[in-house]
>>> print(open('final-v3.txt').read())   # compact mmCIF, C-alpha atoms
# COMPACT_ATOMS: atom_id res chain seq x y z
CA MET A 1 -2.29 13.38 -7.40
CA GLU A 2 -2.69 15.58 -4.34
CA ARG A 3 -6.10 16.69 -5.62
CA PHE A 4 -7.14 13.05 -5.90
CA GLN A 5 -5.90 12.42 -2.37
CA ASP A 6 -8.14 15.29 -1.30
CA GLY A 7 -11.14 13.54 -2.83
CA ASP A 8 -11.34 15.18 -6.27
CA SER A 9 -12.23 12.20 -8.51
CA ARG A 10 -11.85 14.31 -11.69
CA ALA A 11 -8.18 14.71 -10.87
CA LEU A 12 -7.75 11.00 -11.50
CA ASP A 13 -9.02 11.34 -15.06
CA ALA A 14 -6.70 14.28 -15.61
CA LEU A 15 -3.79 12.23 -14.28
CA PHE A 16 -4.69 9.38 -16.63
CA ASP A 17 -5.07 11.69 -19.65
CA ARG A 18 -1.73 13.31 -19.00
CA HIS A 19 0.39 10.28 -18.19
CA ALA A 20 -1.17 7.06 -19.56
CA SER A 21 0.59 7.27 -22.90
CA GLY A 22 3.99 7.93 -21.34
CA VAL A 23 3.56 5.11 -18.85
CA HIS A 24 2.59 2.79 -21.69
CA THR A 25 5.71 3.76 -23.66
CA PHE A 26 7.87 3.00 -20.62
CA LEU A 27 6.11 -0.33 -20.09
CA SER A 28 6.46 -1.31 -23.75
CA ARG A 29 10.19 -0.74 -23.52
CA MET A 30 10.42 -2.65 -20.26
CA VAL A 31 8.50 -5.78 -21.27
CA GLN A 32 8.99 -5.66 -25.05
CA ASP A 33 5.40 -6.80 -25.54
CA ALA A 34 2.61 -4.39 -26.51
CA THR A 35 -0.24 -6.58 -25.25
CA LEU A 36 1.45 -7.12 -21.89
CA ALA A 37 2.11 -3.37 -21.70
CA ASP A 38 -1.65 -2.78 -22.15
CA ASP A 39 -2.39 -5.05 -19.18
CA LEU A 40 0.33 -3.46 -17.07
CA LEU A 41 -0.99 0.01 -17.85
CA GLN A 42 -4.25 -1.04 -16.21
CA THR A 43 -2.37 -2.61 -13.30
CA THR A 44 -0.37 0.59 -12.83
CA PHE A 45 -3.40 2.87 -12.59
CA LEU A 46 -5.26 0.40 -10.38
CA SER A 47 -2.27 0.57 -8.04
CA VAL A 48 -2.40 4.37 -8.13
CA VAL A 49 -6.01 4.29 -6.92
CA ARG A 50 -5.49 1.53 -4.36
CA SER A 51 -2.39 3.14 -2.90
CA ALA A 52 -3.18 6.83 -3.22
CA ASP A 53 -2.35 7.23 0.47
CA ARG A 54 1.19 5.99 -0.23
CA TYR A 55 1.90 8.96 -2.48
CA GLN A 56 3.94 11.43 -0.46
CA ARG A 57 2.93 15.01 -1.08
CA GLY A 58 5.59 17.04 -2.77
CA LEU A 59 7.00 14.11 -4.73
CA LYS A 60 7.11 14.40 -8.52
CA VAL A 61 4.26 12.40 -9.99
CA VAL A 62 6.06 11.01 -13.05
CA PRO A 63 8.83 9.17 -11.16
CA TRP A 64 6.18 7.81 -8.77
CA LEU A 65 4.08 6.51 -11.67
CA LEU A 66 7.15 5.00 -13.35
CA THR A 67 8.15 3.36 -10.07
CA ILE A 68 4.76 1.65 -9.89
CA ALA A 69 4.90 0.71 -13.58
CA GLY A 70 8.45 -0.60 -13.21
CA ASN A 71 7.52 -2.65 -10.13
CA ALA A 72 4.56 -4.16 -11.97
CA ALA A 73 6.64 -4.92 -15.05
CA ARG A 74 9.50 -6.48 -13.09
CA ASP A 75 7.18 -8.62 -11.00
CA THR A 76 5.24 -9.76 -14.05
CA LEU A 77 8.42 -10.62 -15.92
CA ARG A 78 9.67 -12.55 -12.92
CA ARG A 79 6.44 -14.46 -12.54
CA LYS A 80 6.17 -15.29 -16.21
CA ARG A 81 9.88 -16.05 -16.39
CA LEU A 82 10.03 -13.72 -19.33
CA GLN A 83 13.70 -13.03 -19.01
CA VAL A 84 14.82 -11.45 -22.19
CA GLU A 85 14.92 -13.96 -24.97
CA VAL A 86 17.91 -13.92 -27.22
CA MET A 87 16.88 -13.75 -30.82
CA SER A 88 18.04 -16.81 -32.66
CA ASP A 89 19.05 -16.92 -36.28
CA ASP A 90 16.62 -19.72 -37.04
CA GLU A 91 13.79 -17.28 -36.40
CA ASP A 92 15.16 -15.23 -39.28
CA GLY A 93 15.69 -12.32 -36.93
CA ALA A 94 11.95 -11.82 -36.54
CA LEU A 95 10.96 -9.72 -33.56
CA PRO A 96 8.07 -10.54 -31.29
CA ASP A 97 5.26 -8.02 -31.35
CA ALA A 98 7.05 -5.40 -29.32
CA GLY A 99 4.55 -2.78 -30.37
CA VAL A 100 7.23 -0.74 -32.03
CA GLU A 101 6.45 1.58 -34.86
CA PRO A 102 8.12 0.79 -38.18
CA ALA A 103 11.55 2.33 -38.49
CA LEU A 104 11.60 5.73 -40.10
CA SER A 105 15.05 5.43 -41.58
CA ASP A 106 17.74 2.78 -41.84
CA PRO A 107 15.48 -0.12 -40.84
CA GLY A 108 18.38 -2.52 -40.50
CA GLN A 109 20.13 -0.36 -37.94
CA ARG A 110 16.92 0.25 -36.00
CA ARG A 111 16.27 -3.45 -35.88
CA ARG A 112 19.76 -4.19 -34.62
CA ILE A 113 19.29 -1.67 -31.84
CA GLU A 114 15.91 -3.10 -30.92
CA GLN A 115 17.30 -6.59 -30.81
CA ALA A 116 20.29 -5.55 -28.72
CA PHE A 117 18.03 -3.64 -26.34
CA ALA A 118 15.74 -6.63 -25.99
CA GLN A 119 18.71 -8.77 -24.99
CA LEU A 120 19.53 -6.65 -21.94
CA PRO A 121 18.54 -8.17 -18.60
CA ALA A 122 15.35 -6.52 -17.34
CA GLN A 123 17.11 -4.69 -14.48
CA GLN A 124 19.71 -3.17 -16.78
CA ARG A 125 17.11 -2.32 -19.42
CA GLU A 126 15.01 -0.53 -16.81
CA CYS A 127 17.94 1.61 -15.65
CA VAL A 128 18.91 2.45 -19.24
CA VAL A 129 15.31 3.43 -20.08
CA LEU A 130 14.93 5.54 -16.96
CA HIS A 131 18.29 7.25 -17.34
CA LYS A 132 18.69 7.62 -21.07
CA LEU A 133 15.12 7.84 -22.34
CA GLU A 134 13.20 9.26 -19.37
CA GLY A 135 16.07 11.56 -18.43
CA LEU A 136 16.01 10.74 -14.71
CA SER A 137 19.05 11.15 -12.48
CA PHE A 138 20.66 8.15 -10.82
CA GLU A 139 19.53 9.54 -7.48
CA GLN A 140 15.91 9.47 -8.69
CA ILE A 141 16.35 6.00 -10.19
CA ALA A 142 17.83 4.71 -6.93
CA GLN A 143 14.83 6.04 -4.99
CA MET A 144 12.43 4.54 -7.52
CA LEU A 145 14.00 1.09 -7.47
CA ASP A 146 14.75 1.11 -3.73
CA ILE A 147 18.43 0.52 -4.36
CA SER A 148 21.55 2.56 -3.71
CA GLU A 149 22.65 5.21 -6.19
CA THR A 150 25.81 3.20 -6.82
CA ALA A 151 23.76 0.13 -7.69
CA ALA A 152 21.67 2.19 -10.14
CA ARG A 153 24.84 3.49 -11.79
CA ILE A 154 26.31 0.01 -12.03
CA ARG A 155 23.14 -1.45 -13.59
CA ALA A 156 22.97 1.31 -16.18
CA HIS A 157 26.71 1.12 -16.87
CA ARG A 158 26.49 -2.64 -17.42
CA GLY A 159 23.51 -2.08 -19.69
CA TYR A 160 25.45 0.42 -21.80
CA GLU A 161 28.48 -1.88 -21.88
CA ARG A 162 26.31 -4.76 -23.04
CA LEU A 163 24.73 -2.58 -25.73
CA ARG A 164 28.19 -1.57 -26.91
CA GLU A 165 29.25 -5.20 -27.06
CA LEU A 166 26.18 -6.10 -29.06
CA LEU A 167 26.32 -3.14 -31.40
CA GLY A 168 30.04 -2.53 -31.70
CA ASP A 169 30.72 1.16 -31.93
CA ASP A 170 27.25 2.01 -33.21
CA ALA A 171 25.74 2.66 -29.77
CA SER A 172 28.58 4.81 -28.45
CA MET B 173 7.80 11.57 -20.04
CA SER B 174 9.52 9.44 -22.69
CA GLY B 175 10.84 12.51 -24.34
CA GLN B 176 13.31 10.50 -26.43
CA THR B 177 15.92 13.16 -25.95
CA SER B 178 18.85 10.77 -25.86
CA ASP B 179 21.38 9.60 -28.39
CA LEU B 180 20.05 6.04 -28.05
CA PRO B 181 18.05 5.86 -31.26
CA LEU B 182 15.33 3.50 -30.11
CA PRO B 183 12.09 3.70 -32.05
CA LYS B 184 9.21 5.01 -29.98
CA PRO B 185 6.88 2.13 -29.12
CA ARG B 186 3.44 2.13 -30.64
CA PRO B 187 1.01 4.14 -28.48
CA PRO B 188 -1.66 2.23 -26.58
CA SER B 189 -4.82 1.43 -28.53
CA MET B 190 -8.00 3.34 -27.74
CA GLU B 191 -9.48 0.07 -26.54
CA ALA B 192 -6.62 -0.54 -24.09
CA LEU B 193 -6.87 3.01 -22.79
CA ALA B 194 -10.64 2.76 -22.36
CA LYS B 195 -10.30 -0.55 -20.52
CA ALA B 196 -7.63 0.79 -18.17
CA ARG B 197 -9.61 3.95 -17.49
CA ALA B 198 -12.81 2.00 -16.78
CA ALA B 199 -10.99 -0.31 -14.35
CA MET B 200 -9.39 2.67 -12.63
CA GLN B 201 -12.69 4.50 -12.28
CA ALA B 202 -14.44 1.40 -10.92
CA GLU B 203 -11.69 1.01 -8.34
CA ALA B 204 -11.94 4.69 -7.41
CA ALA B 205 -15.69 4.30 -6.87
CA ALA B 206 -15.16 1.41 -4.43
CA PRO B 207 -14.78 2.13 -0.71
CA ARG B 208 -11.29 3.38 0.18
CA ARG B 209 -8.98 0.86 1.80
CA ALA B 210 -7.32 1.51 5.13
CA SER B 211 -4.23 3.70 4.92
CA TRP B 212 -0.69 2.43 5.46
CA LYS B 213 -0.67 4.20 8.83
CA ALA B 214 -3.66 2.13 9.88
CA GLY B 215 -1.70 -0.91 8.71
CA VAL B 216 1.24 0.05 10.94
CA ALA B 217 -1.15 0.48 13.87
CA LYS B 218 -2.68 -2.93 13.15
CA ALA B 219 0.68 -4.72 12.93
CA SER B 220 2.10 -2.94 16.00
CA GLY B 221 -1.11 -3.57 17.92
CA THR B 222 -0.95 -7.27 17.12
CA ILE B 223 2.69 -7.56 18.21
CA VAL B 224 2.31 -5.60 21.44
CA GLY B 225 -1.22 -6.79 22.19
CA LEU B 226 -0.35 -10.46 21.78
CA SER B 227 2.70 -10.05 24.02
CA LEU B 228 0.64 -8.32 26.71
CA ALA B 229 -2.02 -11.03 26.43
CA VAL B 230 0.63 -13.74 26.93
CA ALA B 231 2.01 -11.82 29.91
CA GLY B 232 -1.50 -11.58 31.37
CA VAL B 233 -2.11 -15.31 30.98
CA LEU B 234 1.29 -16.18 32.50
CA LEU B 235 0.58 -13.94 35.48
CA ALA B 236 -2.94 -15.35 35.84
CA VAL B 237 -1.76 -18.98 35.93
CA GLY B 238 1.19 -18.15 38.17
CA ALA B 239 3.83 -19.05 35.57
CA CYS B 240 5.58 -15.73 36.22
CA THR B 241 5.47 -12.95 38.77
CA VAL B 242 5.37 -9.17 38.66
CA ASP B 243 8.86 -9.12 40.16
CA PHE B 244 10.13 -11.37 37.35
CA LEU B 245 8.56 -9.07 34.74
CA SER B 246 10.07 -6.04 36.45
CA SER B 247 13.52 -7.60 36.24
CA ARG B 248 13.01 -7.98 32.49
CA ALA B 249 11.54 -4.51 31.96
CA ALA B 250 14.51 -3.18 29.96
CA THR B 251 14.55 -6.03 27.43
CA LEU B 252 10.75 -6.12 27.20
CA ALA B 253 10.62 -2.39 26.48
CA SER B 254 13.45 -2.68 23.96
CA LEU B 255 11.76 -5.53 22.10
CA MET B 256 8.40 -3.76 22.03
CA THR B 257 10.08 -0.65 20.65
CA VAL B 258 11.91 -2.69 18.03
CA GLY B 259 8.66 -4.44 17.07
CA VAL B 260 6.83 -1.15 16.53
CA VAL B 261 9.75 0.55 14.73
CA THR B 262 10.33 -2.39 12.38
CA ALA B 263 6.60 -2.65 11.63
CA TRP B 264 6.59 1.05 10.75
CA ALA B 265 9.80 0.81 8.70
CA SER B 266 8.54 -2.17 6.74
CA LEU B 267 5.14 -0.72 5.84
CA ARG B 268 5.83 2.97 5.27
CA PRO B 269 6.16 4.27 1.69
CA GLY B 270 9.76 4.47 0.45
CA GLY B 271 12.23 4.64 3.30
CA ARG B 272 14.99 2.19 2.37
CA VAL B 273 17.34 3.84 4.86
CA GLY B 274 14.75 3.44 7.60
CA ARG B 275 14.50 -0.26 6.88
CA LEU B 276 18.27 -0.67 7.02
CA VAL B 277 18.39 1.23 10.32
CA SER B 278 15.62 -0.96 11.72
CA LEU B 279 17.62 -4.04 10.73
CA GLY B 280 20.45 -2.63 12.82
CA LEU B 281 18.06 -2.13 15.74
CA VAL B 282 16.99 -5.77 15.50
CA VAL B 283 20.63 -6.87 15.70
CA VAL B 284 21.21 -4.63 18.73
CA ALA B 285 18.08 -5.99 20.43
CA ALA B 286 19.10 -9.57 19.66
CA VAL B 287 22.55 -9.01 21.17
CA LEU B 288 20.96 -7.29 24.17
CA ILE B 289 18.60 -10.15 25.05
CA VAL B 290 21.50 -12.60 24.87
CA LEU B 291 23.98 -10.53 26.87
CA VAL B 292 21.67 -9.60 29.73
CA ARG B 293 20.55 -13.18 30.26
CA GLY B 294 23.68 -14.49 31.98
CA ALA B 295 23.91 -18.01 33.35
CA GLY B 296 20.17 -18.50 33.65
CA GLU B 297 18.38 -21.42 35.29
CA PRO B 298 17.91 -24.98 34.08
CA SER B 299 14.53 -26.02 32.76
CA THR B 300 12.62 -29.30 32.75
CA GLN B 301 11.32 -28.54 29.25
CA PRO B 302 13.27 -29.53 26.15
CA ALA B 303 15.07 -26.51 24.68
CA TRP B 304 13.23 -26.73 21.35
CA VAL B 305 9.92 -25.97 23.09
CA CYS B 306 10.99 -22.32 23.16
CA THR B 307 11.69 -22.29 19.42
CA ALA B 308 8.39 -23.99 18.60
CA SER B 309 6.29 -21.82 20.90
CA HIS B 310 7.95 -18.56 19.82
CA PHE B 311 7.46 -19.51 16.19
CA ALA B 312 3.81 -20.39 16.83
CA VAL B 313 3.16 -17.11 18.64
CA GLY B 314 4.81 -15.23 15.78
CA LEU B 315 2.45 -16.71 13.20
CA ALA B 316 -0.46 -14.39 14.03
CA PRO B 317 1.50 -11.14 13.50
CA ALA B 318 3.17 -12.84 10.54
CA ALA B 319 -0.24 -13.36 8.92
CA VAL B 320 -1.09 -9.70 9.58
CA VAL B 321 2.09 -8.32 8.00
CA ILE B 322 1.83 -10.70 5.03
CA ALA B 323 -1.69 -9.39 4.36
CA LEU B 324 -0.46 -5.80 4.69
CA LEU B 325 2.55 -6.39 2.44
CA ARG B 326 0.17 -7.39 -0.36
CA GLY B 327 -0.89 -3.76 -0.49
CA MET B 328 2.50 -2.63 -1.82
CA ALA B 329 5.15 -3.62 -4.33
CA PRO B 330 7.05 -6.83 -3.54
CA ASN B 331 10.39 -6.03 -1.96
CA ARG B 332 12.65 -8.51 -0.21
CA LEU B 333 14.18 -6.07 2.28
CA ARG B 334 10.73 -4.81 3.22
CA ALA B 335 9.53 -8.40 3.70
CA VAL B 336 12.54 -9.33 5.87
CA VAL B 337 11.99 -6.32 8.12
CA ALA B 338 8.25 -7.05 8.36
CA GLY B 339 9.07 -10.67 9.24
CA LEU B 340 11.48 -9.53 11.95
CA ALA B 341 8.76 -7.24 13.29
CA ALA B 342 6.40 -10.22 13.54
CA GLY B 343 9.18 -12.30 15.11
CA THR B 344 9.64 -9.86 17.98
CA THR B 345 6.43 -11.31 19.44
CA GLY B 346 8.17 -14.64 19.99
CA ALA B 347 11.23 -12.92 21.40
CA LEU B 348 8.97 -11.03 23.82
CA VAL B 349 7.37 -14.29 24.93
CA GLY B 350 10.88 -15.63 25.51
CA GLU B 351 11.57 -12.77 27.90
CA LEU B 352 8.27 -13.40 29.68
CA ALA B 353 8.41 -17.16 30.07
CA CYS B 354 11.98 -18.41 29.86
CA ALA B 355 14.80 -18.16 32.40
CA GLN B 356 17.39 -20.30 30.68
CA SER B 357 20.96 -19.29 29.79
CA ALA B 358 22.36 -16.85 27.25
CA GLY B 359 23.45 -19.73 25.04
CA HIS B 360 19.90 -21.07 25.01
CA VAL B 361 18.55 -17.64 24.02
CA ALA B 362 21.16 -17.26 21.28
CA VAL B 363 20.30 -20.61 19.72
CA PHE B 364 16.66 -21.41 20.46
CA HIS B 365 15.10 -17.94 20.75
CA LEU B 366 16.90 -16.16 17.94
CA SER B 367 16.35 -19.07 15.57
CA ALA B 368 12.57 -18.75 16.03
CA TRP B 369 12.86 -15.02 15.34
CA VAL B 370 14.79 -15.65 12.12
CA LEU B 371 12.42 -18.46 11.14
CA VAL B 372 9.37 -16.17 11.32
CA ALA B 373 11.22 -13.60 9.18
CA LEU B 374 12.07 -16.28 6.61
CA VAL B 375 8.47 -17.51 6.44
CA VAL B 376 7.13 -13.96 5.94
CA THR B 377 9.74 -13.27 3.26
CA PHE B 378 9.10 -16.54 1.45
CA ILE B 379 5.32 -16.19 1.40
CA SER B 380 4.99 -12.44 0.83
CA THR B 381 7.36 -12.36 -2.14
CA ARG B 382 5.32 -15.09 -3.83
CA LEU B 383 1.85 -13.66 -3.39
CA THR B 384 0.41 -11.48 -6.13
CA PRO B 385 0.24 -7.95 -4.73
CA ARG B 386 -2.91 -5.83 -4.85
CA SER B 387 -0.78 -2.78 -5.58
CA TYR B 388 2.69 -2.08 -6.93
CA ALA B 389 3.11 1.27 -5.17
CA PRO B 390 6.45 1.73 -3.38
>>> encode(input="final-v3.txt", output="structure tokens")
Amino acid sequence: MERFQDGDSRALDALFDRHASGVHTFLSRMVQDATLADDLLQTTFLSVVRSADRYQRGLKVVPWLLTIAGNAARDTLRRKRLQVEVMSDDEDGALPDAGVEPALSDPGQRRRIEQAFAQLPAQQRECVVLHKLEGLSFEQIAQMLDISETAARIRAHRGYERLRELLGDDAS
Amino acid sequence: MSGQTSDLPLPKPRPPSMEALAKARAAMQAEAAAPRRASWKAGVAKASGTIVGLSLAVAGVLLAVGACTVDFLSSRAATLASLMTVGVVTAWASLRPGGRVGRLVSLGLVVVAAVLIVLVRGAGEPSTQPAWVCTASHFAVGLAPAAVVIALLRGMAPNRLRAVVAGLAAGTTGALVGELACAQSAGHVAVFHLSAWVLVALVVTFISTRLTPRSYAP
């Protein structure tokens, strides 16, 4: 990122090659929609170019990219009023196209987890993804989301509690 | 990234298609080839310049038409300097990358400045103008810097606290005009001046959080 700030345009391609797939995975989990994640991937890297001067040298690139991706996902969800839809039985438990690979083992359990995860409010889901799946600390999450560390902990904690409620003891 | 090292057994989402990757890369490269936009520091300079410049222009006009005197301005020097400082600091705090603590501190500065302009006013002098003229004129003067900060806020991720602070920065212009052109009482300042300040902040927050941003960078 610093090389791009210094005017090296090839650095941008390297950044894209290295991180596009990971950003897309994060976005897919955030919005639960593979097509929307494709669009948001483009939005994320457009933001990187447009706001290169806002990157503060010395910061880790991955949390910065995920912050941008998370901001784009949250804003898009808000605008589209795509608050997580609760799966209803009359849909026969069918999932929307979340762009998720077929389960490797125990498909029923995987599906239950997916459905429970999709039912989390977007803010809680984001904190769970960032903490549990991306391995970021609450301090990093708080900086990314522009909230206090306590608020990040509470969001994640509520997300885990909700998952436990939905899955019984399976998620613990 | 997305190392899936946790005990939350979520399936890994399908990777992006080659087509989606190519489209995103092409858009990114086209954007990179376009002329660079002004930096956030230039944005701070623009917003601060509008706030201070507009206030100085109003002061110049008031002096030119004889609506106030140099002695009157000198007597208000402390509050004028405080408000200008608050305007510049809040503009910087609202537009800089990251910096949540800075924005909270700048909110505190605004409160201190608001209390200051009320407390130092005292009994004041009666006016022939209706009291609401101050609110309307301060609000109107604040619209120009409000438009500037709204445009600048589109260059970063939507954030309510950031928008409130930017709105308060724009609103300092009206508060400055109040110090230049109004000699009424502390109660008048508390009600009719501060309400215009808050109103500008609300307008900036309302509009900026509804516009589609050009960038989602923090």
>>> closest_residue(input="final-v3.txt", among="A:Leu66, A:Val31, A:Ala72, A:Ile154", to="chain B", atoms="all atoms listed in the file")
A:Ala72
>>> residues_around(input="final-v3.txt", residues="Met328 of chain B", least_positions_apart="6", cutoff="9 Å", atoms="all atoms listed in the file", output="number ranges by chain")
A: 47, 51, 54; B: 267, 269, 385-390
>>> write_last_selection(input="final-v3.txt", atoms="C-alpha atoms", output="PDB file, in the frame of the given file")
ATOM      1  CA  SER A  47      -2.270   0.570  -8.040  1.00  0.00           C
ATOM      2  CA  SER A  51      -2.390   3.140  -2.900  1.00  0.00           C
ATOM      3  CA  ARG A  54       1.190   5.990  -0.230  1.00  0.00           C
TER       4      ARG A  54
ATOM      5  CA  LEU B 267       5.140  -0.720   5.840  1.00  0.00           C
ATOM      6  CA  PRO B 269       6.160   4.270   1.690  1.00  0.00           C
ATOM      7  CA  PRO B 385       0.240  -7.950  -4.730  1.00  0.00           C
ATOM      8  CA  ARG B 386      -2.910  -5.830  -4.850  1.00  0.00           C
ATOM      9  CA  SER B 387      -0.780  -2.780  -5.580  1.00  0.00           C
ATOM     10  CA  TYR B 388       2.690  -2.080  -6.930  1.00  0.00           C
ATOM     11  CA  ALA B 389       3.110   1.270  -5.170  1.00  0.00           C
ATOM     12  CA  PRO B 390       6.450   1.730  -3.380  1.00  0.00           C
TER      13      PRO B 390
END
>>> interface_residues(input="final-v3.txt", of="chain A", to="chain B", cutoff="8 Å", atoms="only C-alpha atoms", output="PyMOL selection string")
chain A and resi 9+13+16+19-26+28-29+34+38-39+41-51+53-56+62+67-69+71-72+75+98-103+110+113-114+132-135+143-144+146-147+171
>>> closest_residue(input="final-v3.txt", among="A:Phe138, A:Gln124, A:Leu130, A:Gly70", to="Ala156 of chain A", atoms="all atoms listed in the file")
A:Gln124
>>> residues_around(input="final-v3.txt", residues="segment 351-364 of chain B", least_positions_apart="6", cutoff="6 Å", atoms="only C-alpha atoms", output="PDB file with C-alpha atoms, in the coordinates of the input")
ATOM      1  CA  VAL B 290      21.500 -12.600  24.870  1.00  0.00           C
ATOM      2  CA  ARG B 293      20.550 -13.180  30.260  1.00  0.00           C
ATOM      3  CA  GLY B 294      23.680 -14.490  31.980  1.00  0.00           C
ATOM      4  CA  ALA B 295      23.910 -18.010  33.350  1.00  0.00           C
ATOM      5  CA  GLY B 296      20.170 -18.500  33.650  1.00  0.00           C
ATOM      6  CA  GLU B 297      18.380 -21.420  35.290  1.00  0.00           C
ATOM      7  CA  PRO B 298      17.910 -24.980  34.080  1.00  0.00           C
ATOM      8  CA  THR B 307      11.690 -22.290  19.420  1.00  0.00           C
TER       9      THR B 307
END
>>> closest_residue(input="final-v3.txt", among="B:Leu276, B:Ala319, B:Val305, B:Ala231", to="Thr262 of chain B", atoms="all atoms listed in the file")
B:Leu276
>>> closest_residue(input="final-v3.txt", among="A:Arg57, A:Arg153, A:Arg125, A:Arg164", to="Arg112 of chain A", atoms="all atoms listed in the file")
A:Arg164
>>> residues_around(input="final-v3.txt", residues="Gly232 of chain B", least_positions_apart="4", cutoff="12 Å", atoms="only C-alpha atoms", output="count of residues only")
15
>>> residues_around(input="final-v3.txt", residues="Ala73 of chain A", least_positions_apart="6", cutoff="9 Å", atoms="all atoms listed in the file", output="list in words")
Leu27, Met30, Val31, Leu36, Ala37 and Leu40 of chain A
>>> atom_distance(input="final-v3.txt", atom1="atom CA of Asp6 of chain A", atom2="atom CA of Gly58 of chain A")
13.9 Å
>>> atom_distance(input="final-v3.txt", atom1="atom CA of Val375 of chain B", atom2="atom CA of Gly346 of chain B")
13.9 Å
>>> atom_distance(input="final-v3.txt", atom1="atom CA of Val283 of chain B", atom2="atom CA of Trp264 of chain B")
16.9 Å
